[in-house]
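First the structure, in the form of C-alpha cells, and then the observations on it.
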Amino acid sequence: MSPAEIRDEIIDILGDIAPDENLDELVDEVSFRDQLELDSMDFLDIVMELRKRHRVQIPEEDYGNLASMQSTVTYLEPKMRDIVKA
Amino acid sequence: MYDTIIIGGGMSGLAAGIRLALFDQRVCILERHYTIGGLNSFYRMGGRDYDVGLHAMTNFSRKGTKRGPLAKLIRQLRFKWEDFPLAEQIGSSIRFPGIQLDFGNDIELLQDEIAREFPGSIDGFQRLCASLLDYDDLDGDDSRFTRSARAVLDELIPDPLLREMLLCPLMWYGNAREDDMDFGQFCIMFRACYLEGFARPFKGVRLILKNLVRKFRGLGGELKLRSGVARIHVDNGHAVGVVLDDGTEIAGKRILSSAGTVETLRLCDDITEVDVARAGRLSFIESISILDTQPQQIGFDRTIVFYNDSETFHWRMPEDSLCDARTGVICSPNNYRYTAGDGVLPDGVIRITTLANHDRWCGLPDPKYRAEKVAQYEAAVHSAVRFMPDFRRHTIDTDIFTPKTIRRFTWHDNGAVYGAPDKQLDGTTHLDNLFLCGTDQGFVGIVGAILSGISMANRHCLATDG
C-alpha cells in the first residue's frame, strides 16, 4: 500500500469507529484526540481493526505513533508497504 | 477451544461478547437461566409485558453527543444512536417528610430547587459539583475514590437534611455498601443520575437486550442458555475450561465471569473456601401494580420518586424483618416523553421497590412465602402512597419479585442487586487468565454494566491476544 492508500484505510477505520464524524475535514497534522475526541478505547479499535483487516501487529509500546494521521501513516508505511490493496 | 468463555448472559457478558466477536474471537456466553438479561430481564404474563430491573436508563445523553458513557458504548459496540431510541423522563423527585426536591435531565432544575429549599447550602452544592471526579479518574487509582462520601458531603453541605436527600437516589441506584458510599461511586452515580439523567426506550429493557443479542449472534458469537457453570477447571494456576451443570466440558484460552467475585472464586476447583463475608447483601422486593388508568390521570406525573419517611436516610439490609419500607423508589414507565409515533403504553404501571432481607425471604416455607409476598406488597404500597396519590382502588393486577427471585435470575449470593461493596476495579483474580466483569468489577446500572463488559474485554481479552 502507498501512503495515500494507507491514509484511505485509516479513514475507513475511523468511519467505523466514529460514524458521526465528518472525516473530510480531518487535518493530518493535528491529533485524533483533539479533533475527534478519541480516547484509549478508540485507539485500541484502530489497532484491532488493522490486525483484523491486514494482520498488522502493533505492540502496545508503539501506540503513541497513532496520535495523528500523519504520524500513523509514517509509522505504518514500512509495515504495510507489501500489502496489496484489496 | 474457545478464545474466551464468558460466564453470564446479562448486560456485561453480552457487551463483552460483542467486543470479542467483533475482532473474530471464538467466543461463547454461558447462561444458567433459560433467558438472557440476568437482573435486567422481561417476561410476559396474563397478556402483559413486564420489565424486571430497569426503572430508567441512567447516563442519558442526547443523540450525537461525543463524550460520556452512552456515547462510548454506542461507539464501542458499533451501534447507531437510532438503535437506542430513548424517551427522556418527565421529571423525578426526592421526597422526605414535608419537603421535596424535583430534578430532571438538566442540573439547573435541581440547583434551583436547592437554592429555594436550602439557600444556606447552594454554594456548597456548587462546590460539590465542581469537585466531582471525572470518569477518567475512576479506575480506582485516585486516592479520593475510596473516601467516605458522607465525609465529603459533611465538609461541603452545611444542611444535614440536604445531605440525606442527595444521597437517597444515588444509594438506591447503585450503592452496594451499607450506610455510606465510596466517593468514587458517589461521583459515578451523581453524574449518571443528576448530571446526565434518566431515559427509557418505549419498548423497555427487551429492546436493549434484543439489540445486544442480535449483534452478538450476527458476529458469530455463541450463546448457550440453560448452561450453568458448575466448575472452573484449574490446572497449574491456570484456568483451562469449565464444566457445566450437566457434566459437559468446554475448553477456553481464558474466562471472563460476570457471576460475581465470591461466586466465581467458589467455582474454581483450586479453591476450597471463599470468604462469603465479601459478598454484598443489599437486596430488594419490587412490586408492579397495573392500573386501570394512566398514572397522570390520577395526578401522578413523576418518572421516579425516591422517598424516605424521616430526616435520616437508612441504607441497610433489614436485620429483623423481611422488608424495610421506610424508604423506597416509585417508578412509572408511563411518565416518559414518548414520541407521537410511540403512542402511550397500553397499561398504567406503578413499580415500588423497598429494601429486603434475602435470608429471611429464602427461609420461608412455600405457603408462607406466597402470603408474605401479598402482605409485604401491601405494606410497601401503604408506605409509598404517603408520597404520591393513592392509586390502590385503580389496581387491576399485581406481580411481586423478592430477593429469592433475584437470586434465581442472577445467581448472586444474597440476591445482592449491586454486588459486593468492595469492587475489583481491575477485574483480575488469583488466576492469570480468569477475569471479572459486571456488578462486582465496577459500574452498575444498565449503561455501567455494558461498559464494564466492554472495558474488561478490551483490557484482558483483546489487547493481550497477540
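Note on naming: chains are A, B, ... as they come in the C-alpha cells, residues start from 1 per chain, ligands start from 1 in the order shown.
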Residues of chain A were defined as contacting chain B if any atom lay at most 12 Å from it, counting only C-alpha atoms; please report them as a PDB file with C-alpha atoms, in the first residue's frame.
ATOM      1  CA  ILE A  13     -11.499   2.514  10.047  1.00  0.00           C
ATOM      2  CA  LEU A  14     -12.248   5.865  11.708  1.00  0.00           C
ATOM      3  CA  GLY A  15     -15.569   5.899   9.859  1.00  0.00           C
ATOM      4  CA  ASP A  16     -16.451   2.605  11.545  1.00  0.00           C
ATOM      5  CA  ILE A  17     -15.353   3.772  14.982  1.00  0.00           C
ATOM      6  CA  ALA A  18     -16.873   7.240  14.844  1.00  0.00           C
ATOM      7  CA  PRO A  19     -19.638   7.187  12.217  1.00  0.00           C
ATOM      8  CA  ASP A  20     -20.969  10.600  13.201  1.00  0.00           C
ATOM      9  CA  GLU A  21     -17.728  12.434  12.423  1.00  0.00           C
ATOM     10  CA  ARG A  33      -7.710  13.004  20.258  1.00  0.00           C
ATOM     11  CA  GLN A  35     -10.187  16.549  16.582  1.00  0.00           C
ATOM     12  CA  LEU A  36     -12.369  13.507  17.177  1.00  0.00           C
ATOM     13  CA  GLU A  37     -12.283  13.168  20.962  1.00  0.00           C
ATOM     14  CA  LEU A  38     -10.921   9.657  20.572  1.00  0.00           C
ATOM     15  CA  ASP A  39      -9.927   8.000  23.838  1.00  0.00           C
ATOM     16  CA  SER A  40      -7.806   4.967  24.679  1.00  0.00           C
ATOM     17  CA  MET A  41     -10.688   2.600  23.889  1.00  0.00           C
ATOM     18  CA  ASP A  42     -10.924   4.072  20.394  1.00  0.00           C
ATOM     19  CA  PHE A  43      -7.179   3.769  19.811  1.00  0.00           C
ATOM     20  CA  LEU A  44      -7.395   0.113  20.730  1.00  0.00           C
ATOM     21  CA  ASP A  45     -10.018  -0.195  17.998  1.00  0.00           C
ATOM     22  CA  ILE A  46      -7.673   1.249  15.372  1.00  0.00           C
ATOM     23  CA  VAL A  47      -5.068  -1.321  16.401  1.00  0.00           C
ATOM     24  CA  MET A  48      -7.604  -4.164  16.422  1.00  0.00           C
ATOM     25  CA  GLU A  49      -9.062  -3.209  13.054  1.00  0.00           C
ATOM     26  CA  LEU A  50      -5.582  -3.126  11.451  1.00  0.00           C
ATOM     27  CA  ARG A  51      -4.883  -6.554  12.893  1.00  0.00           C
ATOM     28  CA  LYS A  52      -8.228  -7.905  11.714  1.00  0.00           C
ATOM     29  CA  ARG A  53      -8.075  -6.456   8.218  1.00  0.00           C
ATOM     30  CA  ARG A  55      -2.741  -8.888  10.057  1.00  0.00           C
ATOM     31  CA  VAL A  56      -0.654  -5.859  11.040  1.00  0.00           C
ATOM     32  CA  GLN A  57       0.621  -6.270  14.597  1.00  0.00           C
ATOM     33  CA  ILE A  58       1.184  -3.127  16.639  1.00  0.00           C
ATOM     34  CA  PRO A  59       2.825  -3.675  20.023  1.00  0.00           C
ATOM     35  CA  GLU A  60       1.391  -1.682  22.912  1.00  0.00           C
ATOM     36  CA  GLU A  61       4.564   0.386  23.326  1.00  0.00           C
ATOM     37  CA  TYR A  63       0.506   3.028  20.319  1.00  0.00           C
TER      38      TYR A  63
END
What gap, in Å, lies between atom CA of Cys323 of chain B and atom CA of Phe284 of chain B?
8.0 Å
Could you list, as an mmCIF file with N, CA and C atoms, in the first residue's frame, every residue within 7 Å of Ser68 of chain A, counting only C-alpha atoms and ignoring same-chain residues fewer than 3 positions away?
data_model
loop_
_atom_site.group_PDB
_atom_site.id
_atom_site.type_symbol
_atom_site.label_atom_id
_atom_site.label_comp_id
_atom_site.auth_asym_id
_atom_site.auth_seq_id
_atom_site.Cartn_x
_atom_site.Cartn_y
_atom_site.Cartn_z
ATOM 1 N N ASP A 28 -4.371 16.337 8.973
ATOM 2 C CA ASP A 28 -3.467 15.216 9.216
ATOM 3 C C ASP A 28 -2.441 15.482 10.315
ATOM 4 N N GLU A 29 -2.108 16.749 10.527
ATOM 5 C CA GLU A 29 -1.052 17.066 11.484
ATOM 6 C C GLU A 29 -1.587 17.203 12.911
ATOM 7 N N VAL A 30 -2.902 17.330 13.062
ATOM 8 C CA VAL A 30 -3.487 17.540 14.394
ATOM 9 C C VAL A 30 -3.917 16.188 14.973
ATOM 10 N N SER A 31 -3.759 16.015 16.292
ATOM 11 C CA SER A 31 -4.024 14.703 16.898
ATOM 12 C C SER A 31 -5.490 14.307 16.751
ATOM 13 N N PHE A 32 -5.693 12.982 16.620
ATOM 14 C CA PHE A 32 -7.063 12.442 16.573
ATOM 15 C C PHE A 32 -7.812 12.816 17.847
ATOM 16 N N SER A 71 1.396 10.924 11.743
ATOM 17 C CA SER A 71 2.300 10.001 12.432
ATOM 18 C C SER A 71 1.889 8.555 12.198
ATOM 19 N N THR A 72 0.586 8.314 12.071
ATOM 20 C CA THR A 72 0.098 6.951 11.841
ATOM 21 C C THR A 72 0.575 6.426 10.492
#
Residues near Val344 of chain B, anyone? I mean within 12 Å using only C-alpha atoms, not counting same-chain ones fewer than 5 positions away, as a list in words.
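Final neighbour list, sorted by chain and number: Ala87, Phe202, Lys203, Thr293, Gln294, Pro295, Gln296, Pro333, Asn334, Asn335, Tyr336, Arg337, Tyr338, Thr339 and Val349 of chain B.
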For the structure I just gave you, how does DSSP split segment 286-353 of chain B - specifically, which residues are helix (DSSP H, G or I)? Reply as a PyMOL selection string.
chain B and resi 295-298
